[in-house]
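Data first, discussion second: the structure below is written as structure tokens.
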Amino acid sequence: SYAENSWISIDARVGAIRLVPRMRERIAAHYPGTRLAITEYNYGGGEHVSGGVAQADALGIFGREDVFAAALWDLQGGMRYVDGAFALYCNYDGGGGRFGDTSIGASTSNHETTSVYASVDQGRDDRMVIVAVNKSTGPTTAEILVTHPVDFARAQTWQIGASSASPLRGADLSPSARNAFRLEMPASSVTT
């Protein structure tokens, strides 16, 4: 329902753009069973933290919306922050740590400045991976409540932000109550 402040929303009077949901509706109506791919996309800013934040958000959306394939088009060289965003999903710890194979529901109370994506591994209930995105130019705190039959006793964090394009190990989190964690997120950052 978020209507961005752009000519598409304002001048075309379409409100929320709903690109992926609109494409899914058209596929369902005219080509049922067709899988959705997004090709030759690039949000820019590969050498700036904003590019990493945009890329991490896009990857989370692609997974949440069951996009079959997406192809990043490298237009301007230098992609340190974009590479860092990919690493937060595919190899955040440098040892193969990755987002799970099954996306699960996750939500935030502030869609304009934050996003959150969560996953588990099919057949394994002792591990959950959450990616939290702070799109704001100021720090924010996330209260993370996990609904899961397993009681999680700790959480490791890995993060990209203005000070590092590559994931750096952050502080471990301990629950303040059953499966409740508090995450401090710096301005313009992504935390796995």
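Naming works like this for the structure tokens: A, B, ... for the chains as they're shown, residue 1 at the start of each chain, ligands 1 onward in shown order.
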Counting only C-alpha atoms, what is within 12 Å of Ala16 of chain A, bar same-chain residues fewer than 3 positions away, as a compact mmCIF listing (two decimals) with C-alpha atoms, in the first residue's frame?
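Result saved to out.txt:
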# COMPACT_ATOMS: atom_id res chain seq x y z
CA SER A 1 0.00 0.00 0.00
CA TYR A 2 3.05 2.30 0.12
CA ALA A 3 2.77 5.00 -2.58
CA GLU A 4 6.23 6.31 -3.40
CA ASN A 5 6.83 9.98 -4.11
CA SER A 6 7.56 9.67 -7.84
CA TRP A 7 6.05 10.69 -11.16
CA ILE A 8 4.72 7.15 -11.62
CA SER A 9 2.54 7.35 -8.50
CA ILE A 10 1.69 11.05 -8.71
CA ALA A 12 -0.03 8.74 -13.62
CA ARG A 13 -2.37 8.75 -10.60
CA LEU A 19 4.70 -3.93 -9.94
CA VAL A 20 5.21 -7.57 -8.89
CA PRO A 21 1.63 -8.16 -7.64
CA ARG A 22 0.24 -6.57 -10.83
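Every protein, DNA or RNA residue with an atom at most 10 Å from Asp93 of chain A, where only C-alpha atoms count and chain neighbours fewer than 5 positions away do not, is listed here: Ala87, Leu88, Arg98, Gln156, Thr157, Trp158, Gln159, Ser166, Pro167, Leu168, Arg169 and Thr192 of chain A.
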Emit the selected residues as a PDB file, in the first residue's frame, including N, CA, C and O atoms.
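As written to disk, result-v1.pdb reads:
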ATOM      1  N   ALA A  87      26.288 -11.032  -0.279  1.00  0.00           N
ATOM      2  CA  ALA A  87      26.951 -11.856   0.729  1.00  0.00           C
ATOM      3  C   ALA A  87      26.079 -12.029   1.973  1.00  0.00           C
ATOM      4  O   ALA A  87      26.084 -13.097   2.591  1.00  0.00           O
ATOM      5  N   LEU A  88      25.306 -11.021   2.342  1.00  0.00           N
ATOM      6  CA  LEU A  88      24.445 -11.144   3.512  1.00  0.00           C
ATOM      7  C   LEU A  88      23.386 -12.228   3.338  1.00  0.00           C
ATOM      8  O   LEU A  88      22.875 -12.766   4.318  1.00  0.00           O
ATOM      9  N   ARG A  98      24.152 -18.783   5.012  1.00  0.00           N
ATOM     10  CA  ARG A  98      23.251 -18.254   3.986  1.00  0.00           C
ATOM     11  C   ARG A  98      21.820 -18.174   4.500  1.00  0.00           C
ATOM     12  O   ARG A  98      21.467 -18.801   5.490  1.00  0.00           O
ATOM     13  N   GLN A 156      23.466 -14.459  16.227  1.00  0.00           N
ATOM     14  CA  GLN A 156      24.684 -13.828  15.730  1.00  0.00           C
ATOM     15  C   GLN A 156      24.267 -12.768  14.721  1.00  0.00           C
ATOM     16  O   GLN A 156      23.249 -12.922  14.046  1.00  0.00           O
ATOM     17  N   THR A 157      25.045 -11.709  14.602  1.00  0.00           N
ATOM     18  CA  THR A 157      24.739 -10.673  13.608  1.00  0.00           C
ATOM     19  C   THR A 157      25.934 -10.437  12.699  1.00  0.00           C
ATOM     20  O   THR A 157      27.092 -10.541  13.113  1.00  0.00           O
ATOM     21  N   TRP A 158      25.603 -10.130  11.453  1.00  0.00           N
ATOM     22  CA  TRP A 158      26.576  -9.738  10.423  1.00  0.00           C
ATOM     23  C   TRP A 158      25.970  -8.525   9.742  1.00  0.00           C
ATOM     24  O   TRP A 158      24.750  -8.475   9.524  1.00  0.00           O
ATOM     25  N   GLN A 159      26.808  -7.550   9.369  1.00  0.00           N
ATOM     26  CA  GLN A 159      26.238  -6.282   8.934  1.00  0.00           C
ATOM     27  C   GLN A 159      27.097  -5.574   7.885  1.00  0.00           C
ATOM     28  O   GLN A 159      28.322  -5.654   7.920  1.00  0.00           O
ATOM     29  N   SER A 166      31.621  -4.983   3.104  1.00  0.00           N
ATOM     30  CA  SER A 166      31.621  -6.434   3.303  1.00  0.00           C
ATOM     31  C   SER A 166      31.031  -6.752   4.668  1.00  0.00           C
ATOM     32  O   SER A 166      31.241  -6.001   5.626  1.00  0.00           O
ATOM     33  N   PRO A 167      30.304  -7.862   4.793  1.00  0.00           N
ATOM     34  CA  PRO A 167      29.710  -8.194   6.091  1.00  0.00           C
ATOM     35  C   PRO A 167      30.753  -8.318   7.193  1.00  0.00           C
ATOM     36  O   PRO A 167      31.759  -9.009   7.038  1.00  0.00           O
ATOM     37  N   LEU A 168      30.515  -7.600   8.285  1.00  0.00           N
ATOM     38  CA  LEU A 168      31.357  -7.681   9.480  1.00  0.00           C
ATOM     39  C   LEU A 168      30.536  -8.294  10.604  1.00  0.00           C
ATOM     40  O   LEU A 168      29.337  -8.024  10.732  1.00  0.00           O
ATOM     41  N   ARG A 169      31.199  -9.076  11.428  1.00  0.00           N
ATOM     42  CA  ARG A 169      30.535  -9.701  12.570  1.00  0.00           C
ATOM     43  C   ARG A 169      30.165  -8.616  13.563  1.00  0.00           C
ATOM     44  O   ARG A 169      30.972  -7.773  13.927  1.00  0.00           O
ATOM     45  N   THR A 192      22.150  -9.213   8.968  1.00  0.00           N
ATOM     46  CA  THR A 192      21.673 -10.601   8.886  1.00  0.00           C
ATOM     47  C   THR A 192      21.878 -11.228  10.245  1.00  0.00           C
ATOM     48  O   THR A 192      22.914 -11.044  10.865  1.00  0.00           O
TER      49      THR A 192
END
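With distances restricted to only C-alpha atoms, A:Asp57 is the closest residue to Val190 of chain A from A:Glu40, A:Asp57, A:Asp101, A:Glu47.
Every protein or nucleic acid residue with an atom no more than 12 Å from Ile144 of chain A, counting only C-alpha atoms and leaving out same-chain residues fewer than 5 positions away, appears here: Ala106, Ser107, Thr108, Ser109, Val116, Tyr117, Ala118, Ile130, Val131, Ala132, Phe152, Ala155, Leu173, Ser174, Pro175, Ser176, Ala177, Arg178, Asn179, Ala180, Phe181, Arg182, Leu183 and Glu184 of chain A.
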Produce a file of the selected residues containing N, CA, C and O atoms, as an mmCIF file, in the first residue's frame.
data_model
loop_
_atom_site.group_PDB
_atom_site.id
_atom_site.type_symbol
_atom_site.label_atom_id
_atom_site.label_comp_id
_atom_site.auth_asym_id
_atom_site.auth_seq_id
_atom_site.Cartn_x
_atom_site.Cartn_y
_atom_site.Cartn_z
ATOM 1 N N ALA A 106 7.443 -12.349 7.757
ATOM 2 C CA ALA A 106 8.116 -11.381 8.625
ATOM 3 C C ALA A 106 7.494 -10.029 8.325
ATOM 4 O O ALA A 106 7.106 -9.763 7.191
ATOM 5 N N SER A 107 7.393 -9.183 9.336
ATOM 6 C CA SER A 107 6.788 -7.871 9.093
ATOM 7 C C SER A 107 7.478 -6.810 9.932
ATOM 8 O O SER A 107 8.156 -7.109 10.904
ATOM 9 N N THR A 108 7.278 -5.574 9.525
ATOM 10 C CA THR A 108 7.811 -4.425 10.239
ATOM 11 C C THR A 108 6.683 -3.424 10.433
ATOM 12 O O THR A 108 5.741 -3.382 9.634
ATOM 13 N N SER A 109 6.777 -2.619 11.461
ATOM 14 C CA SER A 109 5.753 -1.601 11.704
ATOM 15 C C SER A 109 6.027 -0.321 10.919
ATOM 16 O O SER A 109 5.201 0.572 10.895
ATOM 17 N N VAL A 116 12.076 -6.297 6.603
ATOM 18 C CA VAL A 116 12.580 -7.496 7.260
ATOM 19 C C VAL A 116 12.146 -8.716 6.461
ATOM 20 O O VAL A 116 11.030 -8.768 5.940
ATOM 21 N N TYR A 117 13.075 -9.671 6.341
ATOM 22 C CA TYR A 117 12.825 -10.914 5.610
ATOM 23 C C TYR A 117 13.338 -12.050 6.482
ATOM 24 O O TYR A 117 14.360 -11.912 7.163
ATOM 25 N N ALA A 118 12.638 -13.181 6.480
ATOM 26 C CA ALA A 118 13.024 -14.288 7.349
ATOM 27 C C ALA A 118 12.940 -15.612 6.604
ATOM 28 O O ALA A 118 12.173 -15.756 5.644
ATOM 29 N N ILE A 130 17.306 -14.078 9.583
ATOM 30 C CA ILE A 130 16.519 -12.866 9.391
ATOM 31 C C ILE A 130 17.433 -11.803 8.791
ATOM 32 O O ILE A 130 18.571 -11.639 9.237
ATOM 33 N N VAL A 131 16.942 -11.084 7.788
ATOM 34 C CA VAL A 131 17.665 -9.951 7.226
ATOM 35 C C VAL A 131 16.833 -8.705 7.525
ATOM 36 O O VAL A 131 15.666 -8.620 7.122
ATOM 37 N N ALA A 132 17.429 -7.762 8.255
ATOM 38 C CA ALA A 132 16.762 -6.510 8.622
ATOM 39 C C ALA A 132 17.440 -5.363 7.888
ATOM 40 O O ALA A 132 18.668 -5.241 7.916
ATOM 41 N N PHE A 152 14.971 -19.919 20.904
ATOM 42 C CA PHE A 152 16.306 -19.516 20.465
ATOM 43 C C PHE A 152 17.005 -18.801 21.613
ATOM 44 O O PHE A 152 16.471 -17.865 22.195
ATOM 45 N N ALA A 155 21.548 -15.059 19.070
ATOM 46 C CA ALA A 155 21.539 -14.687 17.652
ATOM 47 C C ALA A 155 22.877 -14.049 17.330
ATOM 48 O O ALA A 155 23.371 -13.211 18.080
ATOM 49 N N LEU A 173 23.296 -11.401 20.059
ATOM 50 C CA LEU A 173 22.094 -10.943 20.754
ATOM 51 C C LEU A 173 21.598 -12.042 21.674
ATOM 52 O O LEU A 173 21.608 -13.221 21.310
ATOM 53 N N SER A 174 21.149 -11.656 22.855
ATOM 54 C CA SER A 174 20.523 -12.580 23.792
ATOM 55 C C SER A 174 19.055 -12.186 23.915
ATOM 56 O O SER A 174 18.727 -10.996 23.868
ATOM 57 N N PRO A 175 18.184 -13.151 24.090
ATOM 58 C CA PRO A 175 16.761 -12.799 24.187
ATOM 59 C C PRO A 175 16.451 -12.053 25.486
ATOM 60 O O PRO A 175 17.018 -12.350 26.536
ATOM 61 N N SER A 176 15.545 -11.089 25.382
ATOM 62 C CA SER A 176 15.084 -10.371 26.570
ATOM 63 C C SER A 176 13.866 -11.071 27.161
ATOM 64 O O SER A 176 13.511 -10.867 28.313
ATOM 65 N N ALA A 177 13.217 -11.907 26.376
ATOM 66 C CA ALA A 177 12.097 -12.763 26.775
ATOM 67 C C ALA A 177 12.096 -13.915 25.773
ATOM 68 O O ALA A 177 12.938 -13.948 24.870
ATOM 69 N N ARG A 178 11.149 -14.830 25.884
ATOM 70 C CA ARG A 178 11.119 -15.983 24.977
ATOM 71 C C ARG A 178 11.088 -15.507 23.522
ATOM 72 O O ARG A 178 10.148 -14.865 23.086
ATOM 73 N N ASN A 179 12.177 -15.808 22.780
ATOM 74 C CA ASN A 179 12.308 -15.487 21.358
ATOM 75 C C ASN A 179 12.063 -14.011 21.041
ATOM 76 O O ASN A 179 11.527 -13.661 19.991
ATOM 77 N N ALA A 180 12.485 -13.136 21.940
ATOM 78 C CA ALA A 180 12.394 -11.688 21.746
ATOM 79 C C ALA A 180 13.811 -11.110 21.803
ATOM 80 O O ALA A 180 14.534 -11.320 22.780
ATOM 81 N N PHE A 181 14.197 -10.424 20.745
ATOM 82 C CA PHE A 181 15.543 -9.860 20.645
ATOM 83 C C PHE A 181 15.444 -8.381 20.303
ATOM 84 O O PHE A 181 14.513 -7.945 19.632
ATOM 85 N N ARG A 182 16.440 -7.621 20.740
ATOM 86 C CA ARG A 182 16.516 -6.184 20.442
ATOM 87 C C ARG A 182 17.747 -5.964 19.570
ATOM 88 O O ARG A 182 18.860 -6.303 19.953
ATOM 89 N N LEU A 183 17.532 -5.388 18.378
ATOM 90 C CA LEU A 183 18.612 -5.166 17.421
ATOM 91 C C LEU A 183 18.782 -3.675 17.177
ATOM 92 O O LEU A 183 17.846 -2.996 16.752
ATOM 93 N N GLU A 184 19.980 -3.175 17.469
ATOM 94 C CA GLU A 184 20.324 -1.782 17.182
ATOM 95 C C GLU A 184 20.900 -1.738 15.771
ATOM 96 O O GLU A 184 21.893 -2.405 15.497
#
So, with only C-alpha atoms as the atoms that count, which of A:Pro186, A:Gly46, A:Met128, A:Asp66 lies closest to Thr140 of chain A? A:Pro186
Do you know which residues are at most 12 Å from Ala165 of chain A counting only C-alpha atoms, after dropping those on the same chain fewer than 5 positions away, and could you put them as a short mmCIF file (atom, residue, chain, number, x, y, z; two decimals) with all heavy atoms, in the first residue's frame?
data_model
loop_
_atom_site.label_atom_id
_atom_site.label_comp_id
_atom_site.auth_asym_id
_atom_site.auth_seq_id
_atom_site.Cartn_x
_atom_site.Cartn_y
_atom_site.Cartn_z
N GLY A 45 24.40 2.79 -7.32
CA GLY A 45 25.05 3.00 -6.03
C GLY A 45 25.94 1.86 -5.57
O GLY A 45 26.09 1.67 -4.36
N GLY A 46 26.54 1.13 -6.48
CA GLY A 46 27.35 -0.02 -6.12
C GLY A 46 28.53 0.31 -5.23
O GLY A 46 29.02 -0.54 -4.49
N GLU A 47 28.99 1.55 -5.26
CA GLU A 47 30.11 1.98 -4.42
C GLU A 47 29.65 2.85 -3.26
O GLU A 47 30.45 3.52 -2.63
CB GLU A 47 31.14 2.74 -5.27
CG GLU A 47 31.91 1.84 -6.22
CD GLU A 47 32.77 0.81 -5.48
OE1 GLU A 47 33.56 1.19 -4.60
OE2 GLU A 47 32.63 -0.38 -5.78
N HIS A 48 28.35 2.83 -2.97
CA HIS A 48 27.79 3.62 -1.87
C HIS A 48 26.87 2.72 -1.06
O HIS A 48 26.22 1.82 -1.60
CB HIS A 48 27.01 4.82 -2.42
CG HIS A 48 26.60 5.79 -1.37
ND1 HIS A 48 25.40 5.69 -0.71
CD2 HIS A 48 27.23 6.87 -0.85
CE1 HIS A 48 25.30 6.67 0.17
NE2 HIS A 48 26.40 7.40 0.10
N VAL A 49 26.78 2.97 0.24
CA VAL A 49 25.95 2.14 1.11
C VAL A 49 24.50 2.08 0.63
O VAL A 49 23.83 1.06 0.78
CB VAL A 49 26.06 2.59 2.59
CG1 VAL A 49 25.43 3.97 2.78
CG2 VAL A 49 25.43 1.56 3.51
N SER A 50 24.00 3.15 0.01
CA SER A 50 22.61 3.14 -0.46
C SER A 50 22.38 2.05 -1.51
O SER A 50 21.30 1.47 -1.58
CB SER A 50 22.21 4.50 -1.04
OG SER A 50 22.99 4.80 -2.19
N GLY A 51 23.40 1.76 -2.32
CA GLY A 51 23.28 0.68 -3.30
C GLY A 51 23.19 -0.68 -2.64
O GLY A 51 22.46 -1.56 -3.08
N GLY A 52 23.93 -0.88 -1.55
CA GLY A 52 23.85 -2.13 -0.80
C GLY A 52 22.51 -2.30 -0.12
O GLY A 52 21.94 -3.39 -0.09
N VAL A 53 21.99 -1.21 0.44
CA VAL A 53 20.69 -1.24 1.10
C VAL A 53 19.60 -1.57 0.08
O VAL A 53 18.74 -2.43 0.31
CB VAL A 53 20.41 0.10 1.82
CG1 VAL A 53 18.96 0.21 2.26
CG2 VAL A 53 21.35 0.26 3.02
N GLY A 78 32.52 -0.88 -10.29
CA GLY A 78 32.47 -0.83 -8.84
C GLY A 78 31.16 -1.25 -8.18
O GLY A 78 30.19 -0.53 -8.26
N MET A 79 31.16 -2.41 -7.54
CA MET A 79 29.93 -2.94 -6.96
C MET A 79 30.16 -3.45 -5.53
O MET A 79 29.49 -4.39 -5.10
CB MET A 79 29.39 -4.08 -7.84
CG MET A 79 29.09 -3.70 -9.28
SD MET A 79 27.60 -2.71 -9.44
CE MET A 79 26.38 -3.99 -9.28
N ARG A 80 31.06 -2.86 -4.78
CA ARG A 80 31.40 -3.37 -3.44
C ARG A 80 30.18 -3.53 -2.54
O ARG A 80 30.04 -4.56 -1.87
CB ARG A 80 32.39 -2.44 -2.73
CG ARG A 80 33.78 -2.42 -3.31
CD ARG A 80 34.71 -1.45 -2.57
NE ARG A 80 34.09 -0.15 -2.37
CZ ARG A 80 34.05 0.52 -1.20
NH1 ARG A 80 34.61 0.01 -0.14
NH2 ARG A 80 33.48 1.70 -1.11
N TYR A 81 29.32 -2.54 -2.48
CA TYR A 81 28.16 -2.60 -1.58
C TYR A 81 27.10 -3.57 -2.09
O TYR A 81 26.45 -4.25 -1.30
CB TYR A 81 27.58 -1.21 -1.33
CG TYR A 81 28.35 -0.47 -0.27
CD1 TYR A 81 29.37 0.40 -0.60
CD2 TYR A 81 28.07 -0.67 1.07
CE1 TYR A 81 30.09 1.06 0.38
CE2 TYR A 81 28.78 -0.02 2.07
CZ TYR A 81 29.79 0.85 1.71
OH TYR A 81 30.50 1.49 2.69
N VAL A 82 26.93 -3.66 -3.40
CA VAL A 82 25.99 -4.63 -3.97
C VAL A 82 26.50 -6.04 -3.67
O VAL A 82 25.73 -6.92 -3.27
CB VAL A 82 25.80 -4.40 -5.48
CG1 VAL A 82 25.04 -5.54 -6.13
CG2 VAL A 82 25.08 -3.07 -5.72
N ASP A 83 27.81 -6.26 -3.83
CA ASP A 83 28.40 -7.55 -3.50
C ASP A 83 28.19 -7.87 -2.01
O ASP A 83 27.91 -9.02 -1.65
CB ASP A 83 29.89 -7.58 -3.82
CG ASP A 83 30.17 -7.53 -5.32
OD1 ASP A 83 29.25 -7.78 -6.13
OD2 ASP A 83 31.33 -7.22 -5.68
N GLY A 84 28.32 -6.86 -1.16
CA GLY A 84 28.10 -7.06 0.28
C GLY A 84 26.67 -7.47 0.57
O GLY A 84 26.43 -8.33 1.44
N ALA A 85 25.72 -6.89 -0.13
CA ALA A 85 24.31 -7.26 0.05
C ALA A 85 24.08 -8.71 -0.35
O ALA A 85 23.40 -9.46 0.35
CB ALA A 85 23.40 -6.32 -0.74
N PHE A 86 24.65 -9.12 -1.49
CA PHE A 86 24.53 -10.52 -1.89
C PHE A 86 25.14 -11.43 -0.83
O PHE A 86 24.59 -12.49 -0.51
CB PHE A 86 25.22 -10.76 -3.25
CG PHE A 86 24.32 -10.54 -4.43
CD1 PHE A 86 24.37 -9.36 -5.15
CD2 PHE A 86 23.43 -11.53 -4.83
CE1 PHE A 86 23.55 -9.16 -6.25
CE2 PHE A 86 22.60 -11.34 -5.93
CZ PHE A 86 22.66 -10.15 -6.64
N ALA A 87 26.29 -11.03 -0.28
CA ALA A 87 26.95 -11.86 0.73
C ALA A 87 26.08 -12.03 1.97
O ALA A 87 26.08 -13.10 2.59
CB ALA A 87 28.30 -11.25 1.11
N LEU A 88 25.31 -11.02 2.34
CA LEU A 88 24.45 -11.14 3.51
C LEU A 88 23.39 -12.23 3.34
O LEU A 88 22.88 -12.77 4.32
CB LEU A 88 23.78 -9.81 3.84
CG LEU A 88 24.70 -8.77 4.48
CD1 LEU A 88 23.99 -7.44 4.62
CD2 LEU A 88 25.22 -9.25 5.83
N TYR A 92 27.24 -14.82 4.45
CA TYR A 92 27.45 -13.70 5.36
C TYR A 92 28.66 -13.87 6.27
O TYR A 92 29.29 -12.90 6.64
CB TYR A 92 26.21 -13.40 6.19
CG TYR A 92 25.63 -14.57 6.95
CD1 TYR A 92 26.17 -14.96 8.18
CD2 TYR A 92 24.55 -15.28 6.46
CE1 TYR A 92 25.64 -16.03 8.87
CE2 TYR A 92 24.00 -16.34 7.14
CZ TYR A 92 24.55 -16.71 8.35
OH TYR A 92 24.01 -17.77 9.03
N TRP A 158 25.60 -10.13 11.45
CA TRP A 158 26.58 -9.74 10.42
C TRP A 158 25.97 -8.53 9.74
O TRP A 158 24.75 -8.47 9.52
CB TRP A 158 26.80 -10.87 9.43
CG TRP A 158 27.34 -12.10 10.11
CD1 TRP A 158 26.62 -13.07 10.73
CD2 TRP A 158 28.70 -12.45 10.28
NE1 TRP A 158 27.46 -14.02 11.27
CE2 TRP A 158 28.75 -13.66 11.00
CE3 TRP A 158 29.90 -11.87 9.87
CZ2 TRP A 158 29.93 -14.30 11.33
CZ3 TRP A 158 31.08 -12.51 10.21
CH2 TRP A 158 31.09 -13.70 10.92
N GLN A 159 26.81 -7.55 9.37
CA GLN A 159 26.24 -6.28 8.93
C GLN A 159 27.10 -5.57 7.89
O GLN A 159 28.32 -5.65 7.92
CB GLN A 159 26.12 -5.40 10.17
CG GLN A 159 25.37 -4.13 10.01
CD GLN A 159 25.18 -3.50 11.37
OE1 GLN A 159 26.09 -2.86 11.89
NE2 GLN A 159 24.01 -3.69 11.96
N ILE A 160 26.40 -4.90 6.95
CA ILE A 160 27.06 -3.93 6.08
C ILE A 160 26.47 -2.57 6.42
O ILE A 160 25.32 -2.47 6.87
CB ILE A 160 26.92 -4.23 4.57
CG1 ILE A 160 25.46 -4.14 4.11
CG2 ILE A 160 27.55 -5.57 4.21
CD1 ILE A 160 25.27 -4.18 2.59
N SER A 188 21.36 3.59 7.51
CA SER A 188 21.64 2.98 6.20
C SER A 188 22.46 1.71 6.35
O SER A 188 23.64 1.66 6.00
CB SER A 188 22.38 3.98 5.30
OG SER A 188 21.63 5.16 5.14
N SER A 189 21.84 0.68 6.87
CA SER A 189 22.56 -0.57 7.12
C SER A 189 21.66 -1.77 6.85
O SER A 189 20.45 -1.65 6.78
CB SER A 189 23.08 -0.63 8.56
OG SER A 189 22.00 -0.67 9.48
N VAL A 190 22.31 -2.92 6.72
CA VAL A 190 21.61 -4.18 6.56
C VAL A 190 22.25 -5.16 7.53
O VAL A 190 23.46 -5.28 7.58
CB VAL A 190 21.69 -4.73 5.13
CG1 VAL A 190 20.88 -6.01 4.99
CG2 VAL A 190 21.26 -3.69 4.10
N THR A 191 21.42 -5.87 8.31
CA THR A 191 21.91 -6.81 9.29
C THR A 191 21.29 -8.18 9.04
O THR A 191 20.08 -8.29 8.90
CB THR A 191 21.55 -6.37 10.72
OG1 THR A 191 22.03 -5.04 10.93
CG2 THR A 191 22.13 -7.30 11.76
#
Name the closest residue to Glu143 of chain A among the candidates A:Gly96, A:Val14, A:Asn110, A:Cys90; distances are taken between atoms, counting only C-alpha atoms. A:Asn110
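Counting from atom CA of Ala70 of chain A, the distance to atom CA of Leu36 of chain A is 8.8 Å.
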Determine which residues of segment 2-125 of chain A DSSP labels as strand (DSSP E) from the backbone of this structure, then write them out as a VMD selection string. chain A and resid 37 to 41 69 to 72 102 to 104 114 to 121 124 to 125
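Here the question is which of A:Ala28, A:Asp125, A:Gly60, A:Gly44 gets nearest to Gln76 of chain A using only C-alpha atoms, and that residue is A:Gly44.
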Quick one, how far is atom CA of Gly138 of chain A from atom CA of Thr114 of chain A? 11.2 Å
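The protein and nucleic acid residues lying at most 9 Å from segment 122-124 of chain A are A:Gly100, A:Asp101, A:Thr102, A:Arg127, with only C-alpha atoms considered and sequence neighbours fewer than 3 positions away removed.
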Grab the residues selected above and save them as a compact mmCIF listing (two decimals), in the first residue's frame with N, CA, C and O atoms.
# COMPACT_ATOMS: atom_id res chain seq x y z
N GLY A 100 17.98 -19.09 4.51
CA GLY A 100 17.40 -20.42 4.42
C GLY A 100 16.72 -20.71 3.09
O GLY A 100 16.52 -19.82 2.27
N ASP A 101 16.33 -21.96 2.90
CA ASP A 101 15.71 -22.37 1.63
C ASP A 101 14.19 -22.18 1.62
O ASP A 101 13.55 -22.37 0.60
N THR A 102 13.61 -21.79 2.77
CA THR A 102 12.16 -21.59 2.85
C THR A 102 11.87 -20.23 3.47
O THR A 102 12.19 -20.00 4.64
N ARG A 127 17.38 -23.42 13.32
CA ARG A 127 18.08 -22.28 12.71
C ARG A 127 17.09 -21.41 11.94
O ARG A 127 16.28 -21.92 11.18
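Distance annotation: of A:Val67, A:Leu72, A:Ala153, A:Leu145, the residue with the minimal separation from Thr39 of chain A is A:Leu72; atom set is only C-alpha atoms.
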Could you tell me how far atom CA of Phe62 of chain A lies from atom CA of Ile38 of chain A, in Å and to one decimal? 8.8 Å
From the DSSP assignment of the backbone, select every residue of chain A that is helix (DSSP H, G or I), and format the answer as a VMD selection string. chain A and resid 7 to 10 19 to 30 49 to 64 80 to 90
